[in-house]
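One file, protein.cif, carrying mmCIF, C-alpha atoms:
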data_query
loop_
_atom_site.group_PDB
_atom_site.id
_atom_site.type_symbol
_atom_site.label_atom_id
_atom_site.label_comp_id
_atom_site.auth_asym_id
_atom_site.auth_seq_id
_atom_site.Cartn_x
_atom_site.Cartn_y
_atom_site.Cartn_z
ATOM 1 C CA MET A 52 -89.237 -91.803 54.102
ATOM 2 C CA LYS A 53 -92.886 -91.255 53.192
ATOM 3 C CA TYR A 54 -93.532 -88.932 56.143
ATOM 4 C CA TRP A 55 -90.336 -86.971 55.464
ATOM 5 C CA ILE A 56 -91.511 -86.190 51.944
ATOM 6 C CA ILE A 57 -94.966 -85.188 53.216
ATOM 7 C CA GLY A 58 -93.181 -82.705 55.471
ATOM 8 C CA VAL A 59 -91.634 -81.175 52.359
ATOM 9 C CA ILE A 60 -95.043 -80.221 51.010
ATOM 10 C CA LEU A 61 -96.590 -79.069 54.296
ATOM 11 C CA LEU A 62 -93.645 -77.235 55.846
ATOM 12 C CA GLY A 63 -92.737 -75.547 52.577
ATOM 13 C CA LEU A 64 -95.788 -73.306 52.969
ATOM 14 C CA LEU A 65 -95.093 -72.302 56.576
ATOM 15 C CA SER A 66 -91.394 -72.481 57.465
ATOM 16 C CA PRO A 67 -89.216 -69.334 57.452
ATOM 17 C CA LEU A 68 -85.855 -69.316 55.673
ATOM 18 C CA SER A 69 -82.781 -70.030 57.812
ATOM 19 C CA ALA A 70 -79.424 -68.317 57.498
ATOM 20 C CA GLU A 71 -77.754 -71.232 55.716
ATOM 21 C CA ILE A 72 -79.108 -70.656 52.218
ATOM 22 C CA TYR A 73 -81.019 -67.864 50.565
ATOM 23 C CA PHE A 74 -82.231 -66.911 47.109
ATOM 24 C CA LYS A 75 -80.958 -63.661 45.700
ATOM 25 C CA ASP A 76 -83.628 -61.134 44.760
ATOM 26 C CA THR A 77 -84.211 -61.349 41.028
ATOM 27 C CA ALA A 78 -86.654 -59.223 39.097
ATOM 28 C CA PRO A 79 -87.930 -60.431 35.708
ATOM 29 C CA GLN A 80 -86.455 -58.452 32.843
ATOM 30 C CA GLN A 81 -87.047 -58.465 29.139
ATOM 31 C CA GLU A 82 -83.598 -58.269 27.575
ATOM 32 C CA VAL A 83 -84.348 -56.270 24.447
ATOM 33 C CA LYS A 84 -82.066 -53.319 23.605
ATOM 34 C CA THR A 85 -80.922 -53.224 27.246
ATOM 35 C CA TYR A 86 -77.574 -54.978 26.927
ATOM 36 C CA THR A 87 -74.149 -54.203 25.491
ATOM 37 C CA ARG A 88 -70.956 -56.161 24.991
ATOM 38 C CA ASN A 89 -69.734 -55.007 28.379
ATOM 39 C CA ASN A 90 -72.690 -56.170 30.473
ATOM 40 C CA VAL A 91 -72.739 -59.532 28.666
ATOM 41 C CA LYS A 92 -69.034 -60.119 29.320
ATOM 42 C CA SER A 93 -68.333 -62.364 32.356
ATOM 43 C CA LYS A 94 -72.012 -63.271 32.804
ATOM 44 C CA SER A 95 -72.101 -67.047 33.277
ATOM 45 C CA ILE A 96 -75.742 -67.633 32.279
ATOM 46 C CA ILE A 97 -77.637 -65.428 29.831
ATOM 47 C CA THR A 98 -81.238 -65.645 28.627
ATOM 48 C CA TYR A 99 -81.985 -63.675 25.461
ATOM 49 C CA ASN A 100 -85.467 -62.907 24.196
ATOM 50 C CA VAL A 101 -84.724 -63.100 20.484
ATOM 51 C CA PHE A 102 -86.295 -60.602 18.069
ATOM 52 C CA PRO A 103 -85.685 -60.046 14.313
ATOM 53 C CA ASN A 104 -82.881 -57.687 13.231
ATOM 54 C CA GLN A 105 -81.203 -57.730 16.654
ATOM 55 C CA LEU A 106 -77.538 -58.482 17.359
ATOM 56 C CA TYR A 107 -76.689 -60.631 20.383
ATOM 57 C CA PHE A 108 -73.301 -61.170 22.031
ATOM 58 C CA VAL A 109 -71.518 -64.276 23.314
ATOM 59 C CA TYR A 110 -68.025 -64.615 24.822
ATOM 60 C CA VAL A 111 -66.143 -67.904 24.325
ATOM 61 C CA ALA A 112 -62.857 -68.554 26.147
ATOM 62 C CA SER A 113 -59.751 -70.458 25.181
ATOM 63 C CA GLY A 114 -59.992 -74.111 26.224
ATOM 64 C CA GLU A 115 -63.617 -73.806 27.334
ATOM 65 C CA GLY A 116 -66.983 -74.709 25.830
ATOM 66 C CA THR A 117 -70.071 -72.493 25.807
ATOM 67 C CA ILE A 118 -73.489 -74.201 25.632
ATOM 68 C CA LEU A 119 -76.241 -72.469 23.641
ATOM 69 C CA ASN A 120 -79.845 -73.655 24.097
ATOM 70 C CA THR A 121 -82.719 -72.816 21.742
ATOM 71 C CA THR A 122 -86.486 -73.136 22.188
ATOM 72 C CA SER A 123 -86.973 -74.139 18.555
ATOM 73 C CA PRO A 124 -85.309 -76.986 16.579
ATOM 74 C CA ILE A 125 -82.204 -75.832 14.699
ATOM 75 C CA LYS A 126 -82.210 -76.044 10.897
ATOM 76 C CA ASN A 127 -78.708 -74.729 10.203
ATOM 77 C CA ILE A 128 -75.813 -72.693 11.639
ATOM 78 C CA VAL A 129 -73.762 -70.333 9.478
ATOM 79 C CA VAL A 130 -70.335 -69.253 10.769
ATOM 80 C CA GLY A 131 -68.654 -66.139 9.424
ATOM 81 C CA ALA A 132 -65.132 -67.450 10.120
ATOM 82 C CA PRO A 133 -65.367 -71.265 10.431
ATOM 83 C CA GLU A 134 -61.614 -71.543 11.016
ATOM 84 C CA LEU A 135 -62.076 -69.856 14.421
ATOM 85 C CA LEU A 136 -64.827 -72.019 15.938
ATOM 86 C CA GLN A 137 -65.666 -75.661 16.606
ATOM 87 C CA ILE A 138 -69.360 -76.593 16.840
ATOM 88 C CA ALA A 139 -70.650 -79.798 18.410
ATOM 89 C CA PRO A 140 -72.503 -82.021 17.734
ATOM 90 C CA GLN A 141 -71.612 -82.400 14.071
ATOM 91 C CA THR A 142 -75.212 -83.187 13.107
ATOM 92 C CA ILE A 143 -76.979 -80.076 14.344
ATOM 93 C CA THR A 144 -80.280 -80.316 12.424
ATOM 94 C CA GLY A 145 -83.216 -80.925 14.753
ATOM 95 C CA GLN A 146 -81.191 -80.275 17.916
ATOM 96 C CA THR A 147 -82.116 -77.616 20.479
ATOM 97 C CA PHE A 148 -78.599 -77.045 21.797
ATOM 98 C CA PHE A 149 -74.986 -76.880 20.623
ATOM 99 C CA THR A 150 -71.542 -76.143 22.059
ATOM 100 C CA LEU A 151 -69.060 -73.526 20.841
ATOM 101 C CA ARG A 152 -65.304 -73.913 21.372
ATOM 102 C CA PRO A 153 -62.328 -72.005 19.928
ATOM 103 C CA ALA A 154 -60.603 -73.978 17.159
ATOM 104 C CA GLY A 155 -57.222 -73.326 18.799
ATOM 105 C CA LYS A 156 -55.537 -71.456 21.610
ATOM 106 C CA VAL A 157 -56.747 -67.874 21.941
ATOM 107 C CA THR A 158 -54.059 -65.304 22.802
ATOM 108 C CA ARG A 159 -55.924 -62.131 21.797
ATOM 109 C CA TYR A 160 -59.482 -60.973 21.187
ATOM 110 C CA LEU A 161 -61.029 -62.331 17.987
ATOM 111 C CA LYS A 162 -64.532 -61.778 16.623
ATOM 112 C CA THR A 163 -66.778 -63.585 14.192
ATOM 113 C CA THR A 164 -70.461 -63.726 13.341
ATOM 114 C CA LEU A 165 -72.760 -66.688 13.926
ATOM 115 C CA GLN A 166 -76.239 -67.076 12.446
ATOM 116 C CA VAL A 167 -78.456 -69.703 14.085
ATOM 117 C CA ILE A 168 -81.416 -70.572 11.856
ATOM 118 C CA CYS A 169 -84.248 -72.214 13.818
ATOM 119 C CA GLU A 170 -87.653 -73.359 12.645
ATOM 120 C CA ASP A 171 -89.426 -70.474 14.424
ATOM 121 C CA TYR A 172 -86.804 -67.703 14.510
ATOM 122 C CA ASN A 173 -83.275 -66.701 13.474
ATOM 123 C CA VAL A 174 -80.522 -65.410 15.759
ATOM 124 C CA ILE A 175 -77.563 -63.236 14.718
ATOM 125 C CA ILE A 176 -74.726 -63.488 17.233
ATOM 126 C CA GLU A 177 -71.408 -61.697 17.490
ATOM 127 C CA VAL A 178 -69.005 -64.200 19.039
ATOM 128 C CA THR A 179 -65.951 -62.810 20.832
ATOM 129 C CA LEU A 180 -63.098 -65.238 21.466
ATOM 130 C CA THR A 181 -61.279 -64.184 24.627
ATOM 131 C CA PRO A 182 -58.087 -65.478 26.267
ATOM 132 C CA TYR A 183 -59.630 -64.872 29.728
ATOM 133 C CA LEU A 184 -61.739 -67.641 31.308
ATOM 134 C CA SER A 185 -63.432 -65.160 33.651
ATOM 135 C CA GLN A 186 -65.018 -63.335 30.688
ATOM 136 C CA ALA A 187 -66.652 -66.393 29.096
ATOM 137 C CA ASN A 188 -70.372 -67.151 29.020
ATOM 138 C CA LYS A 189 -71.033 -70.741 30.086
ATOM 139 C CA ILE A 190 -74.715 -71.145 29.140
ATOM 140 C CA VAL A 191 -76.673 -68.954 26.712
ATOM 141 C CA ASN A 192 -80.433 -69.465 26.326
ATOM 142 C CA LEU A 193 -81.974 -68.213 23.056
ATOM 143 C CA GLN A 194 -85.765 -68.048 23.365
ATOM 144 C CA ASP A 195 -88.339 -66.609 21.002
ATOM 145 C CA GLY A 196 -89.082 -63.120 22.332
ATOM 146 C CA ARG A 197 -92.203 -62.811 20.189
ATOM 147 C CA LYS A 198 -94.018 -65.445 22.232
ATOM 148 C CA GLN A 199 -96.310 -63.943 24.826
ATOM 149 C CA GLU A 200 -94.990 -66.051 27.711
ATOM 150 C CA ASN A 201 -91.515 -64.546 27.218
ATOM 151 C CA MET A 202 -92.740 -60.925 27.295
ATOM 152 C CA ILE A 203 -93.102 -59.205 30.646
ATOM 153 C CA VAL A 204 -96.380 -57.312 30.100
ATOM 154 C CA TYR A 205 -98.771 -57.249 33.071
ATOM 155 C CA THR A 206 -102.324 -56.786 31.813
ATOM 156 C CA GLN A 207 -105.634 -58.023 33.192
ATOM 157 C CA GLU A 208 -105.360 -60.990 30.848
ATOM 158 C CA LYS A 209 -101.876 -61.718 32.146
ATOM 159 C CA PHE A 210 -103.110 -61.466 35.737
ATOM 160 C CA LEU A 211 -105.862 -63.998 35.068
ATOM 161 C CA GLN A 212 -103.326 -66.324 33.458
ATOM 162 C CA LEU A 213 -101.113 -66.068 36.545
ATOM 163 C CA LYS A 214 -104.127 -66.751 38.764
ATOM 164 C CA ASP A 215 -104.995 -69.869 36.757
ATOM 165 C CA SER A 216 -101.360 -70.963 36.926
ATOM 166 C CA TYR A 217 -101.392 -70.556 40.710
ATOM 167 C CA ASN A 218 -104.607 -72.568 41.074
ATOM 168 C CA HIS A 219 -103.171 -75.296 38.833
ATOM 169 C CA SER A 220 -100.008 -75.351 40.949
ATOM 170 C CA MET A 221 -102.028 -75.837 44.158
ATOM 171 C CA LYS A 222 -104.050 -78.677 42.607
ATOM 172 C CA GLN A 223 -100.838 -80.300 41.413
ATOM 173 C CA ARG A 224 -99.381 -80.066 44.919
ATOM 174 C CA GLU A 225 -102.502 -81.641 46.414
ATOM 175 C CA ALA A 226 -102.257 -84.508 43.907
ATOM 176 C CA ILE A 227 -98.609 -85.088 44.844
ATOM 177 C CA MET A 228 -99.546 -85.168 48.543
ATOM 178 C CA ALA A 229 -102.270 -87.737 47.846
ATOM 179 C CA HIS A 230 -99.806 -90.043 46.082
ATOM 180 C CA LEU A 231 -97.314 -89.697 48.941
ATOM 181 C CA LEU A 232 -99.960 -90.347 51.605
ATOM 182 C CA PHE A 233 -101.033 -93.573 49.920
ATOM 183 C CA ASN A 234 -97.440 -94.637 49.185
ATOM 184 C CA GLN A 235 -97.870 -94.412 45.413
ATOM 185 C CA ALA A 236 -94.555 -92.651 44.788
ATOM 186 C CA LYS A 237 -91.152 -94.079 43.937
ATOM 187 C CA GLN A 238 -88.248 -93.118 46.202
ATOM 188 C CA PHE A 239 -84.717 -93.437 44.785
ATOM 189 C CA PRO A 240 -81.844 -92.950 47.296
ATOM 190 C CA ILE A 241 -78.886 -90.779 46.174
ATOM 191 C CA TYR A 242 -77.001 -89.398 49.227
ATOM 192 C CA GLN A 243 -74.438 -87.475 47.179
ATOM 193 C CA THR A 244 -72.662 -84.597 48.957
ATOM 194 C CA ILE A 245 -70.799 -81.511 47.716
ATOM 195 C CA ASP A 246 -68.837 -79.033 49.860
ATOM 196 C CA VAL A 247 -69.394 -75.260 49.882
ATOM 197 C CA LYS A 248 -66.864 -73.475 52.120
ATOM 198 C CA GLN A 249 -67.605 -74.915 55.573
ATOM 199 C CA SER A 250 -71.049 -76.171 54.591
ATOM 200 C CA LYS A 251 -72.324 -79.258 52.810
ATOM 201 C CA LEU A 252 -75.140 -79.799 50.330
ATOM 202 C CA GLU A 253 -76.528 -83.329 50.005
ATOM 203 C CA LEU A 254 -78.875 -84.644 47.320
ATOM 204 C CA LYS A 255 -80.651 -87.210 49.470
ATOM 205 C CA THR A 256 -83.367 -88.719 47.279
ATOM 206 C CA ILE A 257 -85.396 -88.377 44.114
ATOM 207 C CA SER A 258 -89.148 -88.862 44.627
ATOM 208 C CA ILE A 259 -91.176 -89.689 41.522
ATOM 209 C CA VAL A 260 -94.928 -89.119 41.230
ATOM 210 C CA ASN A 261 -96.039 -89.892 37.675
ATOM 211 C CA GLN A 262 -93.998 -87.442 35.546
ATOM 212 C CA THR A 263 -93.177 -85.082 38.456
ATOM 213 C CA TYR A 264 -89.670 -85.582 39.830
ATOM 214 C CA LEU A 265 -88.875 -84.147 43.284
ATOM 215 C CA PHE A 266 -85.174 -83.628 44.014
ATOM 216 C CA ASN A 267 -84.682 -83.446 47.800
ATOM 217 C CA VAL A 268 -81.597 -81.499 48.932
ATOM 218 C CA GLU A 269 -80.363 -80.921 52.505
ATOM 219 C CA PHE A 270 -78.069 -78.031 53.552
ATOM 220 C CA ARG A 271 -75.761 -78.403 56.547
ATOM 221 C CA GLY A 272 -73.356 -75.844 57.973
ATOM 222 C CA ASN A 273 -73.120 -72.209 58.996
ATOM 223 C CA ASP A 274 -71.818 -70.374 55.916
ATOM 224 C CA PRO A 275 -74.550 -68.565 53.955
ATOM 225 C CA VAL A 276 -74.969 -69.829 50.388
ATOM 226 C CA GLY A 277 -76.620 -67.496 47.876
ATOM 227 C CA LEU A 278 -78.478 -69.029 44.935
ATOM 228 C CA ASP A 279 -80.306 -67.511 41.983
ATOM 229 C CA ARG A 280 -83.591 -69.252 41.148
ATOM 230 C CA ASN A 281 -83.066 -68.481 37.455
ATOM 231 C CA ASN A 282 -79.782 -70.456 37.463
ATOM 232 C CA ILE A 283 -81.328 -73.722 38.720
ATOM 233 C CA PHE A 284 -82.017 -76.328 36.027
ATOM 234 C CA LEU A 285 -81.831 -80.037 35.304
ATOM 235 C CA TYR A 286 -80.321 -82.098 32.504
ATOM 236 C CA LEU A 287 -81.821 -85.582 32.042
ATOM 237 C CA THR A 288 -80.306 -88.019 29.537
ATOM 238 C CA PRO A 289 -81.992 -91.425 29.099
ATOM 239 C CA TYR A 290 -79.880 -94.470 28.311
ATOM 240 C CA THR A 291 -80.379 -98.136 27.427
ATOM 241 C CA ASN A 292 -78.117 -101.119 28.046
ATOM 242 C CA ILE A 293 -77.584 -103.509 25.153
ATOM 243 C CA VAL A 294 -75.324 -106.418 26.143
ATOM 244 C CA ILE A 295 -72.106 -104.598 27.167
ATOM 245 C CA ASN A 296 -72.824 -101.326 25.360
ATOM 246 C CA GLU A 297 -74.675 -98.299 26.643
ATOM 247 C CA ILE A 298 -76.681 -96.104 24.271
ATOM 248 C CA LYS A 299 -77.624 -92.574 25.349
ATOM 249 C CA GLY A 300 -80.727 -90.792 24.085
ATOM 250 C CA ASP A 301 -81.398 -87.089 23.589
ATOM 251 C CA ARG A 302 -80.551 -84.828 26.502
ATOM 252 C CA HIS A 303 -83.436 -82.803 28.001
ATOM 253 C CA LEU A 304 -83.016 -79.360 29.578
ATOM 254 C CA ILE A 305 -85.705 -78.829 32.248
ATOM 255 C CA TYR A 306 -86.371 -75.824 34.478
ATOM 256 C CA PRO A 307 -88.056 -76.219 37.892
ATOM 257 C CA ASP A 308 -91.810 -75.845 38.365
ATOM 258 C CA GLU A 309 -91.425 -75.031 42.059
ATOM 259 C CA ILE A 310 -88.744 -74.708 44.742
ATOM 260 C CA ILE A 311 -89.902 -75.359 48.326
ATOM 261 C CA LEU A 312 -87.653 -74.450 51.271
ATOM 262 C CA PHE A 313 -88.273 -75.924 54.726
ATOM 263 C CA THR A 314 -86.542 -77.110 57.913
ATOM 264 C CA ASN A 315 -86.464 -80.896 58.255
ATOM 265 C CA GLU A 316 -86.842 -82.995 61.396
ATOM 266 C CA GLN A 317 -83.076 -82.819 62.082
ATOM 267 C CA GLY A 318 -83.257 -79.022 62.130
ATOM 268 C CA ASN A 319 -81.373 -78.656 58.831
ATOM 269 C CA GLN A 320 -82.593 -76.426 56.057
ATOM 270 C CA SER A 321 -83.754 -78.403 53.049
ATOM 271 C CA ALA A 322 -85.238 -77.834 49.634
ATOM 272 C CA THR A 323 -87.433 -79.866 47.341
ATOM 273 C CA ILE A 324 -87.169 -78.899 43.664
ATOM 274 C CA LEU A 325 -90.039 -80.061 41.428
ATOM 275 C CA PHE A 326 -89.570 -80.767 37.721
ATOM 276 C CA SER A 327 -92.099 -81.872 35.099
ATOM 277 C CA VAL A 328 -90.284 -84.595 33.181
ATOM 278 C CA PRO A 329 -91.184 -85.775 29.631
ATOM 279 C CA SER A 330 -92.563 -89.287 29.257
ATOM 280 C CA THR A 331 -89.476 -90.321 27.265
ATOM 281 C CA ILE A 332 -87.592 -90.426 30.590
ATOM 282 C CA ASP A 333 -88.418 -93.781 32.144
ATOM 283 C CA THR A 334 -86.228 -96.204 34.101
ATOM 284 C CA TYR A 335 -82.617 -95.424 33.162
ATOM 285 C CA PHE A 336 -81.235 -91.894 32.966
ATOM 286 C CA TYR A 337 -78.358 -89.586 33.895
ATOM 287 C CA ALA A 338 -79.411 -86.675 36.131
ATOM 288 C CA ASP A 339 -77.365 -83.447 36.323
ATOM 289 C CA LEU A 340 -78.939 -80.995 38.780
ATOM 290 C CA PHE A 341 -77.406 -77.502 38.617
ATOM 291 C CA LEU A 342 -77.950 -75.171 41.593
ATOM 292 C CA SER A 343 -75.472 -72.660 40.154
ATOM 293 C CA GLU A 344 -72.656 -72.665 37.617
ATOM 294 C CA SER A 345 -70.299 -74.317 40.139
ATOM 295 C CA LEU A 346 -72.732 -76.270 42.367
ATOM 296 C CA PHE A 347 -74.203 -79.338 40.718
ATOM 297 C CA PHE A 348 -75.001 -82.993 41.366
ATOM 298 C CA SER A 349 -74.402 -85.660 38.736
ATOM 299 C CA TYR A 350 -75.795 -89.173 39.178
ATOM 300 C CA LYS A 351 -76.625 -92.248 37.104
ATOM 301 C CA VAL A 352 -80.128 -93.475 37.999
ATOM 302 C CA ASN A 353 -81.477 -97.000 37.558
ATOM 303 C CA LEU A 354 -85.020 -97.207 38.906
ATOM 304 C CA ASP A 355 -84.982 -101.009 38.629
ATOM 305 C CA LEU A 356 -82.787 -100.967 41.723
ATOM 306 C CA ILE A 357 -85.704 -99.686 43.816
ATOM 307 C CA ALA A 358 -87.533 -103.025 43.676
ATOM 308 C CA SER A 359 -84.432 -105.029 44.576
ATOM 309 C CA TYR A 360 -83.540 -102.589 47.367
ATOM 310 C CA GLU A 361 -87.001 -102.812 48.941
ATOM 311 C CA SER A 362 -87.097 -106.620 48.689
ATOM 312 C CA ASP A 363 -83.697 -106.867 50.397
ATOM 313 C CA LEU A 364 -85.086 -104.968 53.397
ATOM 314 C CA PHE A 365 -87.505 -107.809 54.077
ATOM 315 C CA ASN A 366 -85.165 -110.643 53.154
ATOM 316 C CA VAL A 367 -84.610 -111.711 56.778
ATOM 317 C CA GLU A 368 -83.483 -115.228 57.541
ATOM 318 C CA THR A 369 -84.912 -116.740 60.753
ATOM 319 C CA ARG A 370 -83.847 -119.840 62.640
#

Taking this structure as input, can you express it in the form of structure tokens?
Amino acid sequence: MKYWIIGVILLGLLSPLSAEIYFKDTAPQQEVKTYTRNNVKSKSIITYNVFPNQLYFVYVASGEGTILNTTSPIKNIVVGAPELLQIAPQTITGQTFFTLRPAGKVTRYLKTTLQVICEDYNVIIEVTLTPYLSQANKIVNLQDGRKQENMIVYTQEKFLQLKDSYNHSMKQREAIMAHLLFNQAKQFPIYQTIDVKQSKLELKTISIVNQTYLFNVEFRGNDPVGLDRNNIFLYLTPYTNIVINEIKGDRHLIYPDEIILFTNEQGNQSATILFSVPSTIDTYFYADLFLSESLFFSYKVNLDLIASYESDLFNVETR
């Protein structure tokens, strides 16, 4: 297992992409005054750079929920027509996400206004309720467009920042390799498989080095699978067991630091996706890894099982 993970880091720099999976070309765009109701309709995942005095659009379908994520804690949400929408959770203050659902069955287009008041910015949204599932937005990210990291402006200062980020990334990769070489990483087996046409995607293991989590995925089959790097993300939800009850903590939305493609020793194309995980995630958590809107792995992780699993390997009775 240790040498397989080392191959992830080394081969990721050298191996060409196979025909089984590829990433669609995506150019960074600043979505300010470049969108309309029509080009927002039917888009599953949207990321808005929010600016003052701008109107943003969201489509919500009958019987479906649309998740909205913010980069600043929410103070309040004001709905123009509260009889049309259901908002969850009920206690929204301090949260950084919420879900919109129609209050009833939608048989025709309906519109209302939503104002999301965050600690750092406010968002004015025109919500369209549609009877067509294909027109709905599934995930809408609302980030502060005034922050420099969300603005696509390439200056000498920006170039130097990118250079520093690259150097930091290489040092981080070297540190991960050192932990793997000296067997200082935790390896949690998953082996969960999902089907895509005539191909299969398997989440084999999660490797943990300090607060860096490496999700190791193998692709098998002949059908090409196109993924968008911007649509890959992770939900982690910690939980605790108290007697017979289970208590869940706050859910964390995490985007990948790096995605490394390589060909493993069986000749199958694989990927290792690296996430920086907050320290509040420890031993028990639910992991939902989204590769696209329809391709995702969902698994309940208990890292205490690693110790018992490894001890069982050497529990050999001799006579």

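Between atom CA of Val328 of chain A and atom CA of Leu252 of chain A there is a distance of 23.4 Å.
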
* To do: List the residues selected by the PyMOL selection byres ((chain A and resi 272) around 10) in the file shown, writing them as an MDAnalysis selection string.
  => chainID A and resid 70:72 246:252 270:271 273:276 319:320

Which residues, written as a PDB file with C-alpha atoms, in the frame of the given file, have at least one atom at most 12 Å from Ser345 of chain A, with all atoms listed in the file counted and residues fewer than 5 positions away on the same chain left out?
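Generated file (selection26.pdb):
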ATOM      1  CA  SER A  95     -72.101 -67.047  33.277  1.00  0.00           C
ATOM      2  CA  ILE A  96     -75.742 -67.633  32.279  1.00  0.00           C
ATOM      3  CA  LYS A 189     -71.033 -70.741  30.086  1.00  0.00           C
ATOM      4  CA  ILE A 245     -70.799 -81.511  47.716  1.00  0.00           C
ATOM      5  CA  ASP A 246     -68.837 -79.033  49.860  1.00  0.00           C
ATOM      6  CA  VAL A 247     -69.394 -75.260  49.882  1.00  0.00           C
ATOM      7  CA  LEU A 278     -78.478 -69.029  44.935  1.00  0.00           C
ATOM      8  CA  ASN A 282     -79.782 -70.456  37.463  1.00  0.00           C
ATOM      9  CA  ILE A 283     -81.328 -73.722  38.720  1.00  0.00           C
ATOM     10  CA  LEU A 340     -78.939 -80.995  38.780  1.00  0.00           C
TER      11      LEU A 340
END

* Neighbours of Pro140 of chain A within 10 Å (only C-alpha atoms; same-chain residues fewer than 4 positions away dropped), as a PyMOL selection string? -> chain A and resi 144+146+148-151

* To do: For each of A:Tyr335, A:Tyr264, A:Tyr290, A:Tyr242, take the minimum atom-to-atom distance to Pro307 of chain A, counting all atoms listed in the file, then give the residue where this is smallest.
  => A:Tyr264

Might you spell out which residues the PyMOL selection byres ((chain A and resi 304) around 9) would select in the displayed file, as a compact mmCIF listing (two decimals) with C-alpha atoms, keeping the file's coordinate frame?
# COMPACT_ATOMS: atom_id res chain seq x y z
CA ASN A 120 -79.84 -73.66 24.10
CA PHE A 284 -82.02 -76.33 36.03
CA LEU A 285 -81.83 -80.04 35.30
CA TYR A 286 -80.32 -82.10 32.50
CA LEU A 287 -81.82 -85.58 32.04
CA ARG A 302 -80.55 -84.83 26.50
CA HIS A 303 -83.44 -82.80 28.00
CA ILE A 305 -85.70 -78.83 32.25
CA TYR A 306 -86.37 -75.82 34.48

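Atom CA of Asp355 of chain A is found 23.0 Å from atom CA of Thr323 of chain A.
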
* To do: For each of A:Leu119, A:Ile175, A:Ala154, A:Leu254, take the minimum atom-to-atom distance to Gln105 of chain A, counting all atoms listed in the file, then give the residue where this is smallest.
  =>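 The shortest atom-to-atom distance to Gln105 of chain A comes from A:Ile175.
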
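Between Thr158 of chain A and the residues A:Asn261, A:Asn188, A:Ala112, A:Phe239, the shortest atom-to-atom distance, using only C-alpha atoms, involves A:Ala112.
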
Residues returned when the PyMOL selection byres ((chain A and resi 194) around 10) runs on this file, as a short mmCIF file (atom, residue, chain, number, x, y, z; two decimals) with C-alpha atoms, in the coordinates of the input:
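This is the output file selection.cif:
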data_model
loop_
_atom_site.label_atom_id
_atom_site.label_comp_id
_atom_site.auth_asym_id
_atom_site.auth_seq_id
_atom_site.Cartn_x
_atom_site.Cartn_y
_atom_site.Cartn_z
CA THR A 98 -81.24 -65.64 28.63
CA TYR A 99 -81.98 -63.68 25.46
CA ASN A 100 -85.47 -62.91 24.20
CA VAL A 101 -84.72 -63.10 20.48
CA PHE A 102 -86.30 -60.60 18.07
CA ASN A 120 -79.84 -73.66 24.10
CA THR A 121 -82.72 -72.82 21.74
CA THR A 122 -86.49 -73.14 22.19
CA SER A 123 -86.97 -74.14 18.56
CA ASP A 171 -89.43 -70.47 14.42
CA TYR A 172 -86.80 -67.70 14.51
CA VAL A 174 -80.52 -65.41 15.76
CA VAL A 191 -76.67 -68.95 26.71
CA ASN A 192 -80.43 -69.46 26.33
CA LEU A 193 -81.97 -68.21 23.06
CA ASP A 195 -88.34 -66.61 21.00
CA GLY A 196 -89.08 -63.12 22.33
CA ARG A 197 -92.20 -62.81 20.19
CA LYS A 198 -94.02 -65.44 22.23
CA ASN A 201 -91.52 -64.55 27.22
#

* By how many Å are atom CA of Pro133 of chain A and atom CA of Leu106 of chain A apart? ->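 Interatomic distance here is 19.0 Å.
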
Around all the atoms of segment 137-140 of chain A listed in the file, draw an axis-aligned box and extend it by 5 Å on each of the six sides; I want its centre and edge lengths in Å to one decimal, as JSON.
{"center_x": -69.1, "center_y": -78.8, "center_z": 17.5, "size_x": 16.8, "size_y": 16.4, "size_z": 11.8}

* Asked: Looking at A:Thr334, A:Thr244, A:Thr263, A:Thr181, which one is nearest to Leu356 of chain A, with distances taken over only C-alpha atoms?
  ->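 Closest residue, counting only C-alpha atoms: A:Thr334.
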
* Can you tell me, as a list of chain:residue names, what residues are no more than 10 Å from Asp333 of chain A when counting only C-alpha atoms, ignoring any on the same chain fewer than 3 positions away? ->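 My reading of the contact set: A:Gln262, A:Pro289, A:Tyr290, A:Val328, A:Pro329, A:Ser330, A:Phe336, A:Asn353, A:Leu354.
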
* Asked: Nearest to Ile310 of chain A among A:Leu136, A:Leu265, A:Ala187, A:Ile298, with distances taken over only C-alpha atoms: which residue is it?
  -> A:Leu265
